[in-house]
Each structure stands twice: as C-alpha cells, then as structure tokens.
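One structure is given here, and the rest of the page talks about it.
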Amino acid sequence: MIKKLSALALTCLFLFNMTGCDENDPICACDPTADIRFSNVESYQWFWIPEPSTMVITEEIDWLNLWIENWTQEVEGEKTAPPDIDFNTEMVIVISWGMSSGCHNMSESIKFLLLENDTLYVVSTGLEDLGLCEMVVYPLHMVKTAKRDAVVEFIGDLPDIP
C-alpha cells in the first residue's frame, strides 16, 4: 500500500530511488535529515511477527511483551535474552510484512527517517526480494533510533495491514 507522502518525503524517496544513494553513507545527498541516525536492532531476524504491522516501541514493557510473544531463538529450550535497548534514550521502529516465502526474515525496507515539524516519517521502499527458497518466513525490519517526542508516521510502500 502506498500512503500519501509529504513533499519533502516524496522528494527524498524519488532521489533515493533515482540516484542509487547508498543508505550506509554517513551523509547521503538524498537525505536532508542525515542527522537522524538509526541502526538495525541486533539479531532482529529472531522475531517472527505473524501479522503485517507497523510499530513504534517506546517502553520496555512493550518490548518485553513483543519478545515473549514473537522471539524464536532458544538455547537448551530457553529463550535467549532480547536485544538490549535503552528505552530512556532510544525507541524501536518496526515494519513487519507477515508470513511469506523466502530464504530469510530480514527486510531492509526502512530507508531513512525524516523529521518534518513535529512528525517523524519512517520511509519504506517496500519488501525486498527474500531469495528463491521456499521456506515460510516472517520478513520484518526493526531499527532503533533516539527517542523523540514526535508523532511517527510510516510512509512509502508498506504492508497491507488488516
């Protein structure tokens, strides 16, 4: 599903797709908000979230509930600890695509974050190719960034959420 984009977000998304800008560059010419850093949550591929969704997690209790319900990594029959997030200073942003077929769960669909007025836009370019395997997978992208007092809006190519 494509959501309505602000003029700034639309421009950045267009430039990102047309210039082949590398999102790993510290300062990306197509990203006017290069100061809004984010990084993948460590080991996020162990979360299997069965329904398509978008989430913003700002509290530890919500993080622990997500871990209890959806974390699949175990050692000797016990769940391993969830990735460490400091919810005093950080928040987690998730795009989950639900059940699919492919070789892995990791989808690098969050390309950049845009702060425009009091809104933090999470810009997604959609579900990437997950490979030719025929395994059942639950693709998602999970990033952490500095906690902000802003409305978070997901834009771009997003999962169809029931």
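Order determines the names: the first chain of the structure tokens is A, the second B, and so forth; residues in each chain are numbered 1 upward, and ligands are numbered 1 upward as they are shown.
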Close residues, Val143 of chain A itself excluded, 9 Å, only C-alpha atoms, min 2 positions apart in chain, as a CSV table (one decimal) with N, CA and C atoms, in the first residue's frame:
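selection-v1.csv written:
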```
chain,number,residue,atom,x,y,z
A,38,PHE,N,19.8,5.9,12.6
A,38,PHE,CA,19.2,4.8,13.1
A,38,PHE,C,20.0,3.6,12.7
A,39,SER,N,19.8,2.5,13.5
A,39,SER,CA,20.6,1.3,13.2
A,39,SER,C,19.7,0.1,13.4
A,40,ASN,N,20.1,-1.0,12.7
A,40,ASN,CA,19.3,-2.3,12.9
A,40,ASN,C,19.4,-2.7,14.4
A,41,VAL,N,18.3,-3.3,14.9
A,41,VAL,CA,18.3,-3.9,16.2
A,41,VAL,C,19.1,-5.2,16.0
A,42,GLU,N,20.0,-5.5,17.0
A,42,GLU,CA,20.8,-6.7,16.9
A,42,GLU,C,19.9,-7.9,16.9
A,44,TYR,N,17.6,-9.0,15.1
A,44,TYR,CA,16.1,-8.8,14.9
A,44,TYR,C,15.5,-9.9,14.1
A,91,MET,N,14.2,4.4,21.0
A,91,MET,CA,12.9,3.8,20.7
A,91,MET,C,13.1,2.8,19.5
A,92,VAL,N,12.2,1.9,19.3
A,92,VAL,CA,12.3,0.9,18.3
A,92,VAL,C,11.2,1.1,17.3
A,93,ILE,N,11.5,1.0,16.0
A,93,ILE,CA,10.6,1.2,14.9
A,93,ILE,C,10.6,-0.1,14.1
A,94,VAL,N,9.4,-0.7,13.8
A,94,VAL,CA,9.2,-2.0,13.2
A,94,VAL,C,8.3,-1.9,12.0
A,110,ILE,N,13.2,-0.1,5.7
A,110,ILE,CA,13.3,1.3,6.2
A,110,ILE,C,14.5,1.9,5.7
A,141,HIS,N,11.6,-5.5,9.3
A,141,HIS,CA,12.8,-4.6,9.5
A,141,HIS,C,12.6,-3.9,10.9
A,145,THR,N,16.4,4.1,17.2
A,145,THR,CA,16.9,5.5,17.0
A,145,THR,C,16.7,6.2,18.3
```
Which residues of segment 50-92 of chain A have any atom within 8 Å of an atom in segment 96-102 of chain A when counting only C-alpha atoms, and what is the closest pair of atoms for each, with the distance in Å to one decimal? Order the rows by chain and rising number and write it as a tab-separated table.
```
residue	atom	partner	partner_atom	distance
A:Pro50	CA	A:Gly98	CA	4.8
A:Glu51	CA	A:Gly98	CA	4.3
A:Pro52	CA	A:Gly98	CA	4.2
A:Ser53	CA	A:Ser96	CA	5.1
A:Thr54	CA	A:Ser96	CA	6.2
```
Could you write those residues out with N, CA and C atoms, as a PDB file, in the first residue's frame?
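So again-v1.pdb came out as:
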```pdb
ATOM      1  N   PRO A  50       3.678 -12.681  13.046  1.00  0.00           N
ATOM      2  CA  PRO A  50       2.858 -13.333  12.021  1.00  0.00           C
ATOM      3  C   PRO A  50       1.952 -12.409  11.212  1.00  0.00           C
ATOM      4  N   GLU A  51       1.591 -11.266  11.747  1.00  0.00           N
ATOM      5  CA  GLU A  51       0.667 -10.369  11.047  1.00  0.00           C
ATOM      6  C   GLU A  51       1.403  -9.144  10.507  1.00  0.00           C
ATOM      7  N   PRO A  52       1.025  -8.662   9.323  1.00  0.00           N
ATOM      8  CA  PRO A  52       1.608  -7.415   8.835  1.00  0.00           C
ATOM      9  C   PRO A  52       1.297  -6.281   9.811  1.00  0.00           C
ATOM     10  N   SER A  53       2.304  -5.462  10.093  1.00  0.00           N
ATOM     11  CA  SER A  53       2.084  -4.378  11.050  1.00  0.00           C
ATOM     12  C   SER A  53       3.202  -3.341  10.975  1.00  0.00           C
ATOM     13  N   THR A  54       2.925  -2.194  11.555  1.00  0.00           N
ATOM     14  CA  THR A  54       3.941  -1.187  11.825  1.00  0.00           C
ATOM     15  C   THR A  54       3.855  -0.888  13.316  1.00  0.00           C
TER      16      THR A  54
END
```
task = Mind giving me the straight-line distance from atom CA of Lys147 of chain A to atom CA of Asp62 of chain A in Å, one decimal?
result =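 Straight-line distance from atom CA of Lys147 of chain A to atom CA of Asp62 of chain A works out to 14.8 Å.
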ask   = How many Å separate atom CA of Lys111 of chain A from atom CA of Thr125 of chain A?
value =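 Computed distance, atom CA of Lys111 of chain A to atom CA of Thr125 of chain A, equals 6.8 Å.
Picture a line from atom CA of Trp67 of chain A to atom CA of Asp118 of chain A; it runs 29.4 Å.
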